[in-house]
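Down below is the structure, laid out as C-alpha coordinates.
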Amino acid sequence: MQLPRVVIAAVFFVIGALIAIPAILNGTGGESSASTTATTPGSPDPSGSPSPSGTATSPSASPSKTSPQAVTASIGSVSCPAGTVNVTIRNTGQQNADFAVEKNDDTAAIPGEIRANSTRTVAVELREDRATRVTVNWANKRIESKTVKANCEKAGAAPPTTPPEELPNTGPDAVLWARGATGVAIILTGAIIFWYGGIWPRRRDPMLPKKTD
(Lines give C-alpha, C1' and ligand atoms only; values in the text may rest on other atoms or scores of the structure.)
Protein backbone atom coordinates (compact mmCIF):
# COMPACT_ATOMS: atom_id res chain seq x y z
CA MET A 1 0.00 0.00 0.00
CA GLN A 2 1.31 3.44 -0.92
CA LEU A 3 1.91 5.94 1.89
CA PRO A 4 -0.03 8.88 0.32
CA ARG A 5 -3.22 6.82 0.23
CA VAL A 6 -2.80 5.90 3.89
CA VAL A 7 -2.36 9.56 4.80
CA ILE A 8 -5.43 10.58 2.79
CA ALA A 9 -7.54 7.85 4.42
CA ALA A 10 -6.33 8.90 7.88
CA VAL A 11 -7.28 12.53 7.18
CA PHE A 12 -10.78 11.43 6.16
CA PHE A 13 -11.10 9.36 9.34
CA VAL A 14 -10.06 12.28 11.55
CA ILE A 15 -12.35 14.81 9.85
CA GLY A 16 -15.31 12.44 9.98
CA ALA A 17 -14.72 11.69 13.65
CA LEU A 18 -14.47 15.42 14.51
CA ILE A 19 -17.85 16.04 12.86
CA ALA A 20 -19.80 12.93 13.88
CA ILE A 21 -18.71 12.40 17.50
CA PRO A 22 -19.61 15.92 18.84
CA ALA A 23 -22.99 15.77 17.07
CA ILE A 24 -23.82 12.40 18.66
CA LEU A 25 -22.67 13.55 22.10
CA ASN A 26 -24.69 16.78 21.89
CA GLY A 27 -27.80 14.86 20.87
CA THR A 28 -27.62 12.43 23.75
CA GLY A 29 -26.53 15.09 26.23
CA GLY A 30 -29.46 17.37 25.35
CA GLU A 31 -31.98 14.62 26.04
CA SER A 32 -30.41 13.69 29.39
CA SER A 33 -30.25 17.33 30.56
CA ALA A 34 -33.87 17.89 29.60
CA SER A 35 -34.95 14.85 31.64
CA THR A 36 -32.97 15.87 34.72
CA THR A 37 -34.19 19.48 34.81
CA ALA A 38 -37.87 18.53 34.78
CA THR A 39 -39.63 19.21 38.08
CA THR A 40 -42.95 18.07 39.43
CA PRO A 41 -45.84 20.57 39.77
CA GLY A 42 -45.92 22.32 43.12
CA SER A 43 -42.27 21.59 44.00
CA PRO A 44 -40.14 24.52 45.14
CA ASP A 45 -37.56 25.99 42.79
CA PRO A 46 -33.85 26.32 43.73
CA SER A 47 -34.40 29.88 44.97
CA GLY A 48 -36.71 28.58 47.72
CA SER A 49 -39.95 30.14 46.48
CA PRO A 50 -42.88 27.80 45.72
CA SER A 51 -43.95 27.22 42.15
CA PRO A 52 -46.98 29.06 40.71
CA SER A 53 -49.04 25.86 40.84
CA GLY A 54 -48.77 25.78 44.62
CA THR A 55 -50.15 29.28 45.20
CA ALA A 56 -53.71 29.71 46.43
CA THR A 57 -56.14 32.51 45.71
CA SER A 58 -56.84 34.77 48.62
CA PRO A 59 -60.44 34.42 49.83
CA SER A 60 -60.62 38.17 50.41
CA ALA A 61 -60.29 38.91 46.70
CA SER A 62 -63.58 40.41 45.53
CA PRO A 63 -64.85 40.20 41.92
CA SER A 64 -65.04 43.29 39.77
CA LYS A 65 -68.17 45.36 40.30
CA THR A 66 -68.14 46.78 36.76
CA SER A 67 -71.09 45.37 34.80
CA PRO A 68 -70.32 44.04 31.31
CA GLN A 69 -71.39 46.00 28.25
CA ALA A 70 -74.86 44.98 27.06
CA VAL A 71 -74.20 45.40 23.31
CA THR A 72 -70.97 44.24 21.67
CA ALA A 73 -69.90 43.96 18.04
CA SER A 74 -67.27 42.22 15.93
CA ILE A 75 -66.21 42.92 12.35
CA GLY A 76 -65.14 39.99 10.20
CA SER A 77 -62.92 39.76 7.13
CA VAL A 78 -63.73 40.70 3.54
CA SER A 79 -65.85 38.16 1.66
CA CYS A 80 -65.19 37.78 -2.07
CA PRO A 81 -66.51 37.99 -4.75
CA ALA A 82 -69.37 39.88 -3.05
CA GLY A 83 -66.99 42.50 -1.65
CA THR A 84 -68.75 42.66 1.70
CA VAL A 85 -67.78 42.36 5.35
CA ASN A 86 -70.02 40.86 8.04
CA VAL A 87 -70.66 42.90 11.17
CA THR A 88 -72.01 40.82 14.07
CA ILE A 89 -73.87 42.61 16.88
CA ARG A 90 -74.70 40.81 20.15
CA ASN A 91 -77.19 42.07 22.72
CA THR A 92 -76.89 40.44 26.15
CA GLY A 93 -79.23 42.91 27.81
CA GLN A 94 -82.89 42.58 28.65
CA GLN A 95 -84.11 45.37 26.32
CA ASN A 96 -84.01 46.05 22.61
CA ALA A 97 -81.14 48.24 21.46
CA ASP A 98 -80.56 50.55 18.49
CA PHE A 99 -77.23 50.58 16.68
CA ALA A 100 -75.69 52.09 13.57
CA VAL A 101 -72.92 50.96 11.22
CA GLU A 102 -70.94 53.79 9.62
CA LYS A 103 -68.29 53.93 6.89
CA ASN A 104 -65.86 56.69 5.96
CA ASP A 105 -66.71 56.51 2.22
CA ASP A 106 -69.32 59.32 2.20
CA THR A 107 -72.25 56.90 2.34
CA ALA A 108 -75.19 56.99 4.72
CA ALA A 109 -75.03 55.11 8.00
CA ILE A 110 -76.83 51.77 8.29
CA PRO A 111 -79.24 51.92 11.26
CA GLY A 112 -80.64 48.83 12.91
CA GLU A 113 -82.31 47.38 15.96
CA ILE A 114 -81.43 44.21 17.83
CA ARG A 115 -83.67 42.36 20.23
CA ALA A 116 -82.76 41.43 23.76
CA ASN A 117 -80.56 38.35 24.20
CA SER A 118 -80.03 37.92 20.46
CA THR A 119 -77.42 38.22 17.74
CA ARG A 120 -77.69 39.97 14.39
CA THR A 121 -75.35 40.01 11.39
CA VAL A 122 -75.25 42.88 8.89
CA ALA A 123 -73.46 42.57 5.52
CA VAL A 124 -71.72 45.86 4.73
CA GLU A 125 -70.74 46.56 1.12
CA LEU A 126 -67.25 47.90 0.42
CA ARG A 127 -65.71 49.77 -2.47
CA GLU A 128 -63.18 47.86 -4.52
CA ASP A 129 -59.48 48.51 -3.88
CA ARG A 130 -60.04 51.12 -1.18
CA ALA A 131 -59.39 51.05 2.54
CA THR A 132 -62.65 51.58 4.42
CA ARG A 133 -63.05 52.16 8.13
CA VAL A 134 -66.16 50.42 9.47
CA THR A 135 -67.49 51.69 12.82
CA VAL A 136 -70.31 50.32 15.00
CA ASN A 137 -72.04 52.79 17.34
CA TRP A 138 -74.44 52.10 20.19
CA ALA A 139 -75.83 54.51 22.76
CA ASN A 140 -73.90 57.40 21.16
CA LYS A 141 -70.54 55.68 21.64
CA ARG A 142 -68.23 53.60 19.50
CA ILE A 143 -68.16 49.92 20.46
CA GLU A 144 -66.13 48.51 17.54
CA SER A 145 -64.05 49.85 14.63
CA LYS A 146 -61.91 48.22 11.96
CA THR A 147 -60.25 49.21 8.68
CA VAL A 148 -60.76 46.72 5.84
CA LYS A 149 -59.96 46.69 2.12
CA ALA A 150 -61.69 44.77 -0.66
CA ASN A 151 -59.36 43.34 -3.33
CA CYS A 152 -61.78 40.83 -4.79
CA GLU A 153 -60.81 41.45 -8.43
CA LYS A 154 -57.13 40.73 -7.74
CA ALA A 155 -57.99 37.81 -5.48
CA GLY A 156 -60.19 36.27 -8.18
CA ALA A 157 -57.41 36.48 -10.78
CA ALA A 158 -54.76 34.92 -8.57
CA PRO A 159 -54.65 31.10 -8.42
CA PRO A 160 -55.57 29.56 -5.10
CA THR A 161 -52.63 28.56 -2.99
CA THR A 162 -52.77 25.57 -0.69
CA PRO A 163 -50.41 25.33 2.27
CA PRO A 164 -48.22 22.22 2.49
CA GLU A 165 -49.71 19.36 4.46
CA GLU A 166 -46.55 18.80 6.47
CA LEU A 167 -43.64 21.15 7.05
CA PRO A 168 -40.07 19.85 6.88
CA ASN A 169 -38.37 19.00 10.14
CA THR A 170 -35.98 21.80 11.11
CA GLY A 171 -34.25 22.85 14.28
CA PRO A 172 -31.39 21.67 16.47
CA ASP A 173 -32.28 17.97 16.12
CA ALA A 174 -32.18 18.15 12.32
CA VAL A 175 -28.81 19.94 12.39
CA LEU A 176 -27.33 17.28 14.69
CA TRP A 177 -28.59 14.47 12.48
CA ALA A 178 -27.17 16.19 9.40
CA ARG A 179 -23.76 16.63 11.02
CA GLY A 180 -23.72 13.01 12.18
CA ALA A 181 -24.62 11.76 8.70
CA THR A 182 -21.91 13.95 7.15
CA GLY A 183 -19.28 12.62 9.56
CA VAL A 184 -20.25 9.00 8.88
CA ALA A 185 -20.12 9.62 5.12
CA ILE A 186 -16.61 11.08 5.41
CA ILE A 187 -15.44 8.09 7.49
CA LEU A 188 -16.85 5.70 4.89
CA THR A 189 -15.05 7.63 2.16
CA GLY A 190 -11.78 7.26 4.05
CA ALA A 191 -12.42 3.51 4.49
CA ILE A 192 -13.01 3.12 0.74
CA ILE A 193 -9.76 4.98 -0.05
CA PHE A 194 -7.88 2.82 2.48
CA TRP A 195 -9.29 -0.41 1.03
CA TYR A 196 -8.77 0.61 -2.59
CA GLY A 197 -5.21 1.70 -1.85
CA GLY A 198 -4.41 -1.85 -0.70
CA ILE A 199 -5.59 -3.59 -3.88
CA TRP A 200 -4.50 -1.10 -6.51
CA PRO A 201 -2.10 -1.11 -8.22
CA ARG A 202 -0.83 -4.66 -7.65
CA ARG A 203 0.65 -5.04 -11.09
CA ARG A 204 2.21 -2.39 -13.24
CA ASP A 205 2.09 -3.03 -16.96
CA PRO A 206 4.76 -1.37 -19.10
CA MET A 207 3.52 1.66 -20.93
CA LEU A 208 5.48 0.83 -24.07
CA PRO A 209 6.06 -2.73 -25.34
CA LYS A 210 9.65 -3.97 -25.41
CA LYS A 211 11.36 -3.98 -28.74
CA THR A 212 12.26 -7.40 -30.02
CA ASP A 213 14.83 -8.03 -32.69
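Chain labels follow the order of the C-alpha coordinates: the first chain is A, the next B, and so on; residue numbering restarts at 1 in every chain, and ligands are counted from 1 in their shown order.
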
Residue contacts of Gly183 in chain A (9 Å, only C-alpha atoms) excluding same-chain residues fewer than 5 positions away, as a PyMOL selection string: chain A and resi 13+15-21+23+178+188

Top pick for closest residue to Arg127 in chain A, considering A:Ser79, A:Asn86, A:Asn151, A:Gln94 and counting only C-alpha atoms: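 For Arg127 in chain A, the nearest of the candidates is A:Asn151.
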
CA of Gly83 in chain A to CA of Thr119 in chain A, straight-line distance in Å: 22.4 Å

Which residue of A:Gly93, A:Pro111, A:Glu153, A:Ala9 approaches Ile193 in chain A most closely, using only C-alpha atoms: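 Closest candidate: A:Ala9.
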
Residue set, range 70-173 of chain A restricted to strand (DSSP E or B), as a PyMOL selection string: chain A and resi 71-79+84-91+97-103+110-114+118-125+128+131-138+141-150

Who sits within 8 Å of Gly112 in chain A, only C-alpha atoms, same chain under 4 positions skipped, as JSON, numbers by chain: {"A": [98, 99, 100]}
